[in-house]
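S.K.: So here's work-v9.cif, just mmCIF, N, CA and C atoms:
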```cif
data_model
loop_
_atom_site.label_atom_id
_atom_site.label_comp_id
_atom_site.auth_asym_id
_atom_site.auth_seq_id
_atom_site.Cartn_x
_atom_site.Cartn_y
_atom_site.Cartn_z
N MET A 147 27.78 -23.40 -0.75
CA MET A 147 26.33 -23.30 -0.82
C MET A 147 25.74 -24.00 0.40
N SER A 148 24.82 -23.32 1.07
CA SER A 148 24.16 -23.93 2.23
C SER A 148 23.03 -24.85 1.76
N ASP A 149 22.70 -25.81 2.59
CA ASP A 149 21.62 -26.72 2.28
C ASP A 149 20.29 -26.06 2.60
N ILE A 150 19.27 -26.39 1.83
CA ILE A 150 17.92 -25.93 2.12
C ILE A 150 17.34 -26.89 3.15
N HIS A 151 16.69 -26.34 4.16
CA HIS A 151 16.13 -27.13 5.25
C HIS A 151 15.20 -28.22 4.68
N PRO A 152 15.27 -29.45 5.23
CA PRO A 152 14.45 -30.56 4.72
C PRO A 152 12.95 -30.27 4.71
N GLN A 153 12.44 -29.52 5.67
CA GLN A 153 11.01 -29.20 5.67
C GLN A 153 10.64 -28.32 4.48
N LEU A 154 11.51 -27.38 4.13
CA LEU A 154 11.25 -26.54 2.96
C LEU A 154 11.29 -27.39 1.69
N LEU A 155 12.25 -28.31 1.60
CA LEU A 155 12.32 -29.19 0.43
C LEU A 155 11.10 -30.09 0.34
N ASN A 156 10.56 -30.50 1.47
CA ASN A 156 9.35 -31.32 1.50
C ASN A 156 8.12 -30.53 1.07
N ASP A 157 8.05 -29.27 1.48
CA ASP A 157 6.87 -28.43 1.25
C ASP A 157 6.91 -27.67 -0.07
N CYS A 158 8.07 -27.61 -0.71
CA CYS A 158 8.26 -26.70 -1.84
C CYS A 158 8.95 -27.37 -3.01
N LEU A 159 8.89 -26.68 -4.13
CA LEU A 159 9.62 -27.04 -5.33
C LEU A 159 10.68 -25.97 -5.54
N VAL A 160 11.93 -26.37 -5.72
CA VAL A 160 13.01 -25.42 -5.98
C VAL A 160 12.91 -24.98 -7.44
N LEU A 161 12.80 -23.65 -7.65
CA LEU A 161 12.62 -23.12 -8.99
C LEU A 161 13.90 -22.58 -9.61
N GLY A 162 14.80 -22.09 -8.78
CA GLY A 162 16.01 -21.48 -9.30
C GLY A 162 16.65 -20.63 -8.23
N ARG A 163 17.48 -19.66 -8.70
CA ARG A 163 18.13 -18.83 -7.70
C ARG A 163 18.48 -17.46 -8.23
N PHE A 164 18.55 -16.58 -7.27
CA PHE A 164 19.06 -15.23 -7.44
C PHE A 164 20.52 -15.25 -6.98
N PRO A 165 21.24 -14.13 -7.07
CA PRO A 165 22.61 -14.11 -6.56
C PRO A 165 22.73 -14.54 -5.10
N LEU A 166 21.77 -14.18 -4.26
CA LEU A 166 21.81 -14.54 -2.84
C LEU A 166 20.89 -15.70 -2.49
N CYS A 167 19.71 -15.70 -3.02
CA CYS A 167 18.65 -16.60 -2.55
C CYS A 167 18.24 -17.66 -3.55
N HIS A 168 17.84 -18.81 -2.98
CA HIS A 168 17.11 -19.81 -3.74
C HIS A 168 15.66 -19.35 -3.81
N LEU A 169 14.97 -19.65 -4.92
CA LEU A 169 13.55 -19.36 -5.04
C LEU A 169 12.79 -20.68 -5.04
N LEU A 170 11.81 -20.78 -4.14
CA LEU A 170 11.00 -21.98 -3.99
C LEU A 170 9.53 -21.65 -4.24
N LEU A 171 8.78 -22.63 -4.69
CA LEU A 171 7.33 -22.53 -4.84
C LEU A 171 6.70 -23.44 -3.80
N MET A 172 5.85 -22.88 -2.94
CA MET A 172 5.14 -23.68 -1.95
C MET A 172 4.14 -24.58 -2.65
N ARG A 173 4.05 -25.81 -2.18
CA ARG A 173 3.13 -26.79 -2.77
C ARG A 173 1.72 -26.58 -2.24
N ASP A 174 1.16 -25.43 -2.52
CA ASP A 174 -0.21 -25.12 -2.11
C ASP A 174 -0.81 -24.20 -3.17
N ALA A 175 -1.69 -24.75 -3.97
CA ALA A 175 -2.27 -24.01 -5.09
C ALA A 175 -3.36 -23.03 -4.65
N ASN A 176 -3.64 -22.92 -3.34
CA ASN A 176 -4.61 -21.94 -2.89
C ASN A 176 -4.16 -20.51 -3.17
N TYR A 177 -2.84 -20.31 -3.22
CA TYR A 177 -2.28 -18.97 -3.39
C TYR A 177 -0.99 -19.08 -4.21
N PRO A 178 -0.66 -18.07 -5.02
CA PRO A 178 0.69 -18.01 -5.58
C PRO A 178 1.64 -17.70 -4.41
N TRP A 179 2.40 -18.70 -3.99
CA TRP A 179 3.16 -18.62 -2.73
C TRP A 179 4.60 -19.04 -3.00
N PHE A 180 5.49 -18.10 -2.87
CA PHE A 180 6.90 -18.31 -3.17
C PHE A 180 7.74 -18.00 -1.94
N ILE A 181 8.93 -18.59 -1.88
CA ILE A 181 9.80 -18.41 -0.71
C ILE A 181 11.23 -18.14 -1.18
N LEU A 182 11.84 -17.11 -0.62
CA LEU A 182 13.26 -16.84 -0.83
C LEU A 182 14.04 -17.40 0.34
N VAL A 183 15.10 -18.13 0.05
CA VAL A 183 15.96 -18.71 1.09
C VAL A 183 17.39 -18.23 0.85
N PRO A 184 17.90 -17.33 1.69
CA PRO A 184 19.29 -16.88 1.51
C PRO A 184 20.25 -18.06 1.59
N ASP A 185 21.19 -18.08 0.69
CA ASP A 185 22.18 -19.16 0.61
C ASP A 185 23.35 -18.84 1.55
N ARG A 186 23.07 -18.89 2.84
CA ARG A 186 24.07 -18.63 3.88
C ARG A 186 23.88 -19.65 5.00
N ASP A 187 24.98 -20.17 5.50
CA ASP A 187 24.94 -21.13 6.58
C ASP A 187 24.61 -20.46 7.91
N ASP A 188 23.89 -21.20 8.75
CA ASP A 188 23.64 -20.80 10.14
C ASP A 188 23.02 -19.41 10.29
N VAL A 189 22.06 -19.09 9.42
CA VAL A 189 21.35 -17.82 9.50
C VAL A 189 19.87 -18.13 9.72
N SER A 190 19.33 -17.66 10.83
CA SER A 190 17.91 -17.86 11.12
C SER A 190 17.12 -16.55 11.06
N GLU A 191 17.82 -15.42 11.10
CA GLU A 191 17.17 -14.12 11.10
C GLU A 191 17.84 -13.20 10.08
N ILE A 192 17.08 -12.29 9.52
CA ILE A 192 17.61 -11.37 8.52
C ILE A 192 18.74 -10.53 9.09
N TYR A 193 18.65 -10.09 10.34
CA TYR A 193 19.69 -9.24 10.92
C TYR A 193 21.04 -9.96 11.03
N GLN A 194 21.04 -11.30 10.94
CA GLN A 194 22.29 -12.05 11.00
C GLN A 194 23.06 -12.04 9.68
N LEU A 195 22.41 -11.61 8.62
CA LEU A 195 23.08 -11.46 7.34
C LEU A 195 23.99 -10.24 7.38
N SER A 196 25.04 -10.26 6.57
CA SER A 196 25.89 -9.08 6.46
C SER A 196 25.06 -7.92 5.91
N GLU A 197 25.55 -6.72 6.06
CA GLU A 197 24.82 -5.55 5.55
C GLU A 197 24.62 -5.67 4.04
N ALA A 198 25.65 -6.12 3.33
CA ALA A 198 25.54 -6.29 1.88
C ALA A 198 24.48 -7.35 1.54
N ASP A 199 24.46 -8.45 2.29
CA ASP A 199 23.45 -9.49 2.05
C ASP A 199 22.05 -9.01 2.39
N GLN A 200 21.90 -8.20 3.43
CA GLN A 200 20.60 -7.63 3.76
C GLN A 200 20.10 -6.76 2.60
N GLN A 201 20.98 -5.97 2.04
CA GLN A 201 20.59 -5.11 0.91
C GLN A 201 20.25 -5.96 -0.32
N GLN A 202 21.03 -7.02 -0.56
CA GLN A 202 20.75 -7.90 -1.68
C GLN A 202 19.42 -8.62 -1.48
N LEU A 203 19.15 -9.07 -0.28
CA LEU A 203 17.87 -9.71 0.02
C LEU A 203 16.71 -8.76 -0.25
N SER A 204 16.86 -7.53 0.17
CA SER A 204 15.82 -6.53 -0.08
C SER A 204 15.59 -6.33 -1.58
N ARG A 205 16.67 -6.27 -2.35
CA ARG A 205 16.55 -6.12 -3.81
C ARG A 205 15.83 -7.33 -4.42
N GLU A 206 16.27 -8.53 -4.02
CA GLU A 206 15.67 -9.73 -4.59
C GLU A 206 14.21 -9.85 -4.20
N SER A 207 13.88 -9.53 -2.98
CA SER A 207 12.50 -9.57 -2.51
C SER A 207 11.63 -8.58 -3.28
N SER A 208 12.13 -7.38 -3.48
CA SER A 208 11.37 -6.36 -4.20
C SER A 208 11.16 -6.75 -5.66
N LEU A 209 12.22 -7.24 -6.31
CA LEU A 209 12.10 -7.67 -7.70
C LEU A 209 11.10 -8.82 -7.83
N LEU A 210 11.17 -9.77 -6.90
CA LEU A 210 10.24 -10.90 -6.92
C LEU A 210 8.81 -10.42 -6.69
N ALA A 211 8.60 -9.58 -5.69
CA ALA A 211 7.26 -9.10 -5.38
C ALA A 211 6.64 -8.37 -6.57
N GLU A 212 7.41 -7.52 -7.21
CA GLU A 212 6.90 -6.78 -8.37
C GLU A 212 6.52 -7.75 -9.49
N PHE A 213 7.39 -8.72 -9.77
CA PHE A 213 7.11 -9.71 -10.81
C PHE A 213 5.85 -10.51 -10.48
N LEU A 214 5.72 -10.96 -9.24
CA LEU A 214 4.57 -11.77 -8.85
C LEU A 214 3.26 -10.99 -8.97
N MET A 215 3.26 -9.74 -8.55
CA MET A 215 2.03 -8.94 -8.64
C MET A 215 1.63 -8.71 -10.10
N LYS A 216 2.60 -8.45 -10.95
CA LYS A 216 2.30 -8.24 -12.37
C LYS A 216 1.85 -9.54 -13.04
N THR A 217 2.49 -10.64 -12.68
CA THR A 217 2.20 -11.92 -13.32
C THR A 217 0.88 -12.52 -12.85
N PHE A 218 0.62 -12.44 -11.54
CA PHE A 218 -0.56 -13.08 -10.97
C PHE A 218 -1.70 -12.10 -10.67
N HIS A 219 -1.51 -10.83 -11.01
CA HIS A 219 -2.56 -9.81 -10.90
C HIS A 219 -3.22 -9.80 -9.52
N GLY A 220 -2.39 -9.78 -8.49
CA GLY A 220 -2.90 -9.80 -7.13
C GLY A 220 -3.48 -8.48 -6.67
N ASP A 221 -4.20 -8.55 -5.56
CA ASP A 221 -4.73 -7.35 -4.90
C ASP A 221 -3.77 -6.85 -3.83
N LYS A 222 -2.96 -7.76 -3.27
CA LYS A 222 -2.04 -7.41 -2.17
C LYS A 222 -0.91 -8.42 -2.16
N MET A 223 0.28 -7.96 -1.79
CA MET A 223 1.44 -8.84 -1.65
C MET A 223 1.76 -8.96 -0.17
N ASN A 224 1.74 -10.17 0.35
CA ASN A 224 2.13 -10.42 1.73
C ASN A 224 3.56 -10.96 1.73
N ILE A 225 4.42 -10.32 2.51
CA ILE A 225 5.81 -10.75 2.65
C ILE A 225 6.07 -10.94 4.14
N ALA A 226 6.57 -12.13 4.51
CA ALA A 226 6.77 -12.43 5.93
C ALA A 226 7.95 -13.37 6.13
N ALA A 227 8.65 -13.14 7.24
CA ALA A 227 9.75 -14.01 7.66
C ALA A 227 9.41 -14.49 9.06
N LEU A 228 8.76 -15.66 9.16
CA LEU A 228 8.29 -16.14 10.45
C LEU A 228 9.29 -17.08 11.11
N GLY A 229 9.58 -18.19 10.48
CA GLY A 229 10.59 -19.11 10.97
C GLY A 229 10.25 -19.80 12.28
N ASN A 230 8.98 -19.93 12.62
CA ASN A 230 8.61 -20.60 13.86
C ASN A 230 8.74 -22.12 13.77
N ILE A 231 8.61 -22.67 12.58
CA ILE A 231 8.72 -24.11 12.39
C ILE A 231 10.06 -24.47 11.74
N VAL A 232 10.44 -23.72 10.72
CA VAL A 232 11.72 -23.94 10.03
C VAL A 232 12.68 -22.85 10.50
N PRO A 233 13.76 -23.23 11.18
CA PRO A 233 14.67 -22.23 11.73
C PRO A 233 15.53 -21.51 10.69
N GLN A 234 15.69 -22.10 9.51
CA GLN A 234 16.50 -21.47 8.47
C GLN A 234 15.80 -20.19 7.99
N CYS A 235 16.56 -19.13 7.83
CA CYS A 235 15.99 -17.87 7.34
C CYS A 235 15.33 -18.10 5.98
N HIS A 236 14.07 -17.72 5.89
CA HIS A 236 13.33 -17.81 4.64
C HIS A 236 12.21 -16.77 4.67
N ILE A 237 11.90 -16.22 3.50
CA ILE A 237 10.94 -15.12 3.42
C ILE A 237 9.82 -15.52 2.46
N HIS A 238 8.61 -15.57 3.00
CA HIS A 238 7.42 -15.92 2.22
C HIS A 238 6.96 -14.71 1.41
N HIS A 239 6.57 -14.97 0.17
CA HIS A 239 5.97 -13.96 -0.72
C HIS A 239 4.67 -14.57 -1.23
N VAL A 240 3.55 -14.05 -0.76
CA VAL A 240 2.25 -14.64 -1.10
C VAL A 240 1.39 -13.59 -1.78
N VAL A 241 0.95 -13.91 -3.00
CA VAL A 241 0.04 -13.03 -3.71
C VAL A 241 -1.35 -13.28 -3.14
N ARG A 242 -2.00 -12.21 -2.71
CA ARG A 242 -3.32 -12.32 -2.10
C ARG A 242 -4.38 -11.65 -2.97
N TYR A 243 -5.60 -12.16 -2.82
CA TYR A 243 -6.76 -11.65 -3.56
C TYR A 243 -7.88 -11.40 -2.56
N TYR A 244 -8.66 -10.38 -2.83
CA TYR A 244 -9.82 -10.09 -1.97
C TYR A 244 -10.76 -11.29 -1.91
N THR A 245 -10.69 -12.16 -2.91
CA THR A 245 -11.59 -13.31 -3.00
C THR A 245 -10.97 -14.62 -2.48
N ASP A 246 -9.71 -14.59 -2.00
CA ASP A 246 -9.12 -15.86 -1.57
C ASP A 246 -9.74 -16.31 -0.25
N ALA A 247 -9.59 -17.60 0.04
CA ALA A 247 -10.27 -18.23 1.18
C ALA A 247 -9.88 -17.64 2.53
N ALA A 248 -8.72 -17.06 2.63
CA ALA A 248 -8.25 -16.54 3.91
C ALA A 248 -8.42 -15.03 4.07
N TRP A 249 -8.78 -14.34 2.99
CA TRP A 249 -8.86 -12.88 3.03
C TRP A 249 -9.82 -12.40 4.11
N PRO A 250 -9.50 -11.42 4.89
CA PRO A 250 -8.28 -10.62 4.92
C PRO A 250 -7.25 -11.12 5.92
N GLY A 251 -7.49 -12.28 6.52
CA GLY A 251 -6.60 -12.79 7.56
C GLY A 251 -5.36 -13.46 7.00
N PRO A 252 -4.52 -13.98 7.88
CA PRO A 252 -3.32 -14.70 7.45
C PRO A 252 -3.69 -16.03 6.80
N ILE A 253 -2.83 -16.53 5.95
CA ILE A 253 -3.12 -17.77 5.23
C ILE A 253 -2.85 -19.02 6.05
N TRP A 254 -1.97 -18.91 7.05
CA TRP A 254 -1.55 -20.09 7.80
C TRP A 254 -2.71 -20.70 8.58
N GLY A 255 -3.02 -21.97 8.29
CA GLY A 255 -4.03 -22.70 9.03
C GLY A 255 -5.46 -22.34 8.68
N CYS A 256 -5.67 -21.51 7.68
CA CYS A 256 -7.03 -21.08 7.34
C CYS A 256 -7.80 -22.16 6.58
N VAL A 257 -7.16 -22.69 5.54
CA VAL A 257 -7.78 -23.74 4.74
C VAL A 257 -6.73 -24.82 4.47
N PRO A 258 -7.16 -26.05 4.25
CA PRO A 258 -6.19 -27.10 3.92
C PRO A 258 -5.44 -26.78 2.64
N GLY A 259 -4.19 -27.22 2.56
CA GLY A 259 -3.41 -27.05 1.34
C GLY A 259 -4.08 -27.76 0.18
N LYS A 260 -3.86 -27.24 -1.01
CA LYS A 260 -4.47 -27.80 -2.21
C LYS A 260 -3.37 -28.12 -3.21
N ASP A 261 -3.37 -29.34 -3.72
CA ASP A 261 -2.36 -29.75 -4.70
C ASP A 261 -2.56 -29.00 -6.01
N TYR A 262 -1.44 -28.73 -6.67
CA TYR A 262 -1.50 -28.18 -8.01
C TYR A 262 -1.95 -29.25 -8.99
N THR A 263 -2.78 -28.88 -9.94
CA THR A 263 -3.03 -29.77 -11.08
C THR A 263 -1.81 -29.66 -11.99
N ASP A 264 -1.64 -30.61 -12.88
CA ASP A 264 -0.52 -30.55 -13.82
C ASP A 264 -0.56 -29.25 -14.63
N ASN A 265 -1.75 -28.87 -15.07
CA ASN A 265 -1.91 -27.66 -15.87
C ASN A 265 -1.54 -26.41 -15.06
N GLN A 266 -2.03 -26.33 -13.83
CA GLN A 266 -1.70 -25.18 -12.98
C GLN A 266 -0.19 -25.08 -12.75
N LEU A 267 0.43 -26.20 -12.42
CA LEU A 267 1.86 -26.20 -12.15
C LEU A 267 2.64 -25.80 -13.40
N ASN A 268 2.27 -26.36 -14.54
CA ASN A 268 2.96 -26.00 -15.79
C ASN A 268 2.83 -24.51 -16.09
N ASN A 269 1.66 -23.92 -15.82
CA ASN A 269 1.49 -22.48 -16.03
C ASN A 269 2.42 -21.67 -15.14
N VAL A 270 2.50 -22.05 -13.86
CA VAL A 270 3.39 -21.34 -12.93
C VAL A 270 4.84 -21.49 -13.38
N LEU A 271 5.24 -22.72 -13.71
CA LEU A 271 6.62 -22.95 -14.13
C LEU A 271 6.95 -22.21 -15.42
N ASP A 272 6.01 -22.16 -16.36
CA ASP A 272 6.24 -21.41 -17.60
C ASP A 272 6.44 -19.93 -17.30
N ASN A 273 5.62 -19.38 -16.42
CA ASN A 273 5.76 -17.96 -16.05
C ASN A 273 7.12 -17.69 -15.43
N ILE A 274 7.56 -18.56 -14.54
CA ILE A 274 8.85 -18.37 -13.88
C ILE A 274 9.99 -18.60 -14.87
N LYS A 275 9.87 -19.61 -15.69
CA LYS A 275 10.92 -19.92 -16.66
C LYS A 275 11.13 -18.77 -17.63
N GLN A 276 10.07 -18.10 -18.01
CA GLN A 276 10.15 -17.01 -18.97
C GLN A 276 10.37 -15.65 -18.30
N ALA A 277 10.47 -15.66 -16.99
CA ALA A 277 10.62 -14.40 -16.25
C ALA A 277 11.91 -13.70 -16.63
N THR A 278 11.83 -12.40 -16.66
CA THR A 278 13.02 -11.58 -16.88
C THR A 278 13.26 -10.76 -15.61
N ILE A 279 13.47 -11.48 -14.52
CA ILE A 279 13.77 -10.85 -13.24
C ILE A 279 15.29 -10.71 -13.15
N VAL A 280 15.75 -9.51 -12.92
CA VAL A 280 17.19 -9.26 -12.88
C VAL A 280 17.87 -10.21 -11.90
N GLY A 281 18.87 -10.94 -12.39
CA GLY A 281 19.67 -11.82 -11.54
C GLY A 281 19.09 -13.20 -11.29
N PHE A 282 17.88 -13.48 -11.77
CA PHE A 282 17.27 -14.79 -11.51
C PHE A 282 17.63 -15.78 -12.60
N GLU A 283 17.98 -17.01 -12.17
CA GLU A 283 18.25 -18.10 -13.10
C GLU A 283 17.33 -19.28 -12.77
N PHE A 284 16.53 -19.67 -13.75
CA PHE A 284 15.64 -20.81 -13.59
C PHE A 284 16.47 -22.09 -13.52
N GLN A 285 16.07 -23.02 -12.67
CA GLN A 285 16.78 -24.29 -12.49
C GLN A 285 15.97 -25.40 -13.13
N GLU A 286 16.50 -25.97 -14.19
CA GLU A 286 15.79 -27.06 -14.89
C GLU A 286 15.71 -28.33 -14.04
N ASN A 287 16.80 -28.70 -13.39
CA ASN A 287 16.84 -29.91 -12.58
C ASN A 287 16.51 -29.54 -11.14
N ARG A 288 15.39 -30.00 -10.65
CA ARG A 288 14.94 -29.65 -9.31
C ARG A 288 14.16 -30.83 -8.73
N ASN A 289 13.75 -30.68 -7.47
CA ASN A 289 12.94 -31.75 -6.86
C ASN A 289 11.56 -31.72 -7.49
N GLU A 290 11.23 -32.74 -8.25
CA GLU A 290 10.01 -32.76 -9.06
C GLU A 290 8.76 -33.27 -8.35
N ASN A 291 8.87 -33.66 -7.12
CA ASN A 291 7.74 -34.32 -6.45
C ASN A 291 6.77 -33.33 -5.82
N ILE A 292 6.18 -32.48 -6.63
CA ILE A 292 5.22 -31.50 -6.10
C ILE A 292 3.83 -32.11 -6.06
#
```
For this file, write the structure as structure tokens.

M.R.:
Amino acid sequence: MSDIHPQLLNDCLVLGRFPLCHLLLMRDANYPWFILVPDRDDVSEIYQLSEADQQQLSRESSLLAEFLMKTFHGDKMNIAALGNIVPQCHIHHVVRYYTDAAWPGPIWGCVPGKDYTDNQLNNVLDNIKQATIVGFEFQENRNENI
């Protein structure tokens, strides 16, 4: 198992994993913002994954995106693999709303991050814990300092 980059661990809560990827929740309550991190060493770009891993990543991303849109009733799903700050391959999945503070532009740097309230975080965790996403396993023991 590869290590998750320290910046991702600082910015996110580890929720669980799919067969290929760890699932993280970004510590910013402005948006339902999740990140998939392939569990592969020394991979900074999707094309560096094996063909089978690329296909698995696509499946996991699609399953996650569909679940997030249904659960959070978004207007648009933004999926991006930037990696300009964190070199480890990771794919952002952000549920967007016509009414969010950054709409229609990108979320990065638009508004300051907002901490989750205990109630908000518990709602997100309950939704993920009860999720029936094929191949996903919720992780009870995780970094709790959100």

S.K.: Could you pull out the alpha helix (DSSP H) residues of chain A, going by DSSP on the backbone, and write them as number ranges by chain?

M.R.: A: 152-157, 197-218, 264-275

S.K.: Pick out the residues sitting within 12 Å of A:Met215, and hand them over as an NGL selection string; count only C-alpha atoms, and ignore anything fewer than 3 positions along from it in its own chain.

M.R.: :A and (178-180 or 208-212 or 218-224 or 239-243)

S.K.: Which residue is closest to A:Gln202? Choose from A:Ile225, A:Cys167, A:Val160, A:Ile231 and count all atoms listed in the file.

M.R.: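 That would be A:Cys167, the residue with the smallest distance to A:Gln202.
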
S.K.: Just give me the gap between atom N of A:Phe213 and atom C of A:Asp188 in Å, one decimal is fine.

M.R.: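 Answer for the atom N of A:Phe213 to atom C of A:Asp188 separation: 27.6 Å.
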
S.K.: Counting all atoms listed in the file, which residue out of A:Gln285, A:Asn273, A:Asn268, A:Gln234 sits closest to A:Ser190?

M.R.: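 Counting all atoms listed in the file, the residue closest to A:Ser190 is A:Gln234.
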
S.K.: Enter the distance from atom CA of A:Ile274 to atom CA of A:Ala198, in Å, rounded to one decimal.

M.R.: 25.9 Å

S.K.: So which residues fall inside 12 Å of (14.8, -20.1, -2.7) if we count only C-alpha atoms? Mind giving them as JSON, numbers by chain?

M.R.: {"A": [148, 149, 150, 151, 154, 155, 158, 159, 160, 161, 162, 163, 164, 165, 166, 167, 168, 169, 170, 171, 172, 179, 180, 181, 182, 183, 184, 185, 186, 203, 206, 207, 210, 234, 235, 236, 237, 238, 239, 282, 283, 284, 285, 288]}

S.K.: In Å, how far is it from atom CA of A:Ser204 to atom CA of A:Lys275?

M.R.: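 Spanning atom CA of A:Ser204 to atom CA of A:Lys275 is a straight-line distance of 21.9 Å.
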
S.K.: Given the PyMOL selection byres ((chain A and resi 253-266) around 8) and the file above, list the residues it selects as an MDAnalysis selection string.

M.R.: chainID A and resid 173:177 247:252 267:272 292

S.K.: Taking the DSSP secondary structure from the backbone, can you list the residues of stretch 169-219 of chain A that are strand (DSSP E), as a PDB file with N, CA and C atoms, in the coordinates of the input?

M.R.:
```pdb
ATOM      1  N   LEU A 169      14.970 -19.650  -4.920  1.00  0.00           N
ATOM      2  CA  LEU A 169      13.550 -19.360  -5.040  1.00  0.00           C
ATOM      3  C   LEU A 169      12.790 -20.680  -5.040  1.00  0.00           C
ATOM      4  N   LEU A 170      11.810 -20.780  -4.140  1.00  0.00           N
ATOM      5  CA  LEU A 170      11.000 -21.980  -3.990  1.00  0.00           C
ATOM      6  C   LEU A 170       9.530 -21.650  -4.240  1.00  0.00           C
ATOM      7  N   LEU A 171       8.780 -22.630  -4.690  1.00  0.00           N
ATOM      8  CA  LEU A 171       7.330 -22.530  -4.840  1.00  0.00           C
ATOM      9  C   LEU A 171       6.700 -23.440  -3.800  1.00  0.00           C
ATOM     10  N   MET A 172       5.850 -22.880  -2.940  1.00  0.00           N
ATOM     11  CA  MET A 172       5.140 -23.680  -1.950  1.00  0.00           C
ATOM     12  C   MET A 172       4.140 -24.580  -2.650  1.00  0.00           C
ATOM     13  N   TRP A 179       2.400 -18.700  -3.990  1.00  0.00           N
ATOM     14  CA  TRP A 179       3.160 -18.620  -2.730  1.00  0.00           C
ATOM     15  C   TRP A 179       4.600 -19.040  -3.000  1.00  0.00           C
ATOM     16  N   PHE A 180       5.490 -18.100  -2.870  1.00  0.00           N
ATOM     17  CA  PHE A 180       6.900 -18.310  -3.170  1.00  0.00           C
ATOM     18  C   PHE A 180       7.740 -18.000  -1.940  1.00  0.00           C
ATOM     19  N   ILE A 181       8.930 -18.590  -1.880  1.00  0.00           N
ATOM     20  CA  ILE A 181       9.800 -18.410  -0.710  1.00  0.00           C
ATOM     21  C   ILE A 181      11.230 -18.140  -1.180  1.00  0.00           C
ATOM     22  N   LEU A 182      11.840 -17.110  -0.620  1.00  0.00           N
ATOM     23  CA  LEU A 182      13.260 -16.840  -0.830  1.00  0.00           C
ATOM     24  C   LEU A 182      14.040 -17.400   0.340  1.00  0.00           C
ATOM     25  N   VAL A 183      15.100 -18.130   0.050  1.00  0.00           N
ATOM     26  CA  VAL A 183      15.960 -18.710   1.090  1.00  0.00           C
ATOM     27  C   VAL A 183      17.390 -18.230   0.850  1.00  0.00           C
ATOM     28  N   PRO A 184      17.900 -17.330   1.690  1.00  0.00           N
ATOM     29  CA  PRO A 184      19.290 -16.880   1.510  1.00  0.00           C
ATOM     30  C   PRO A 184      20.250 -18.060   1.590  1.00  0.00           C
TER      31      PRO A 184
END
```
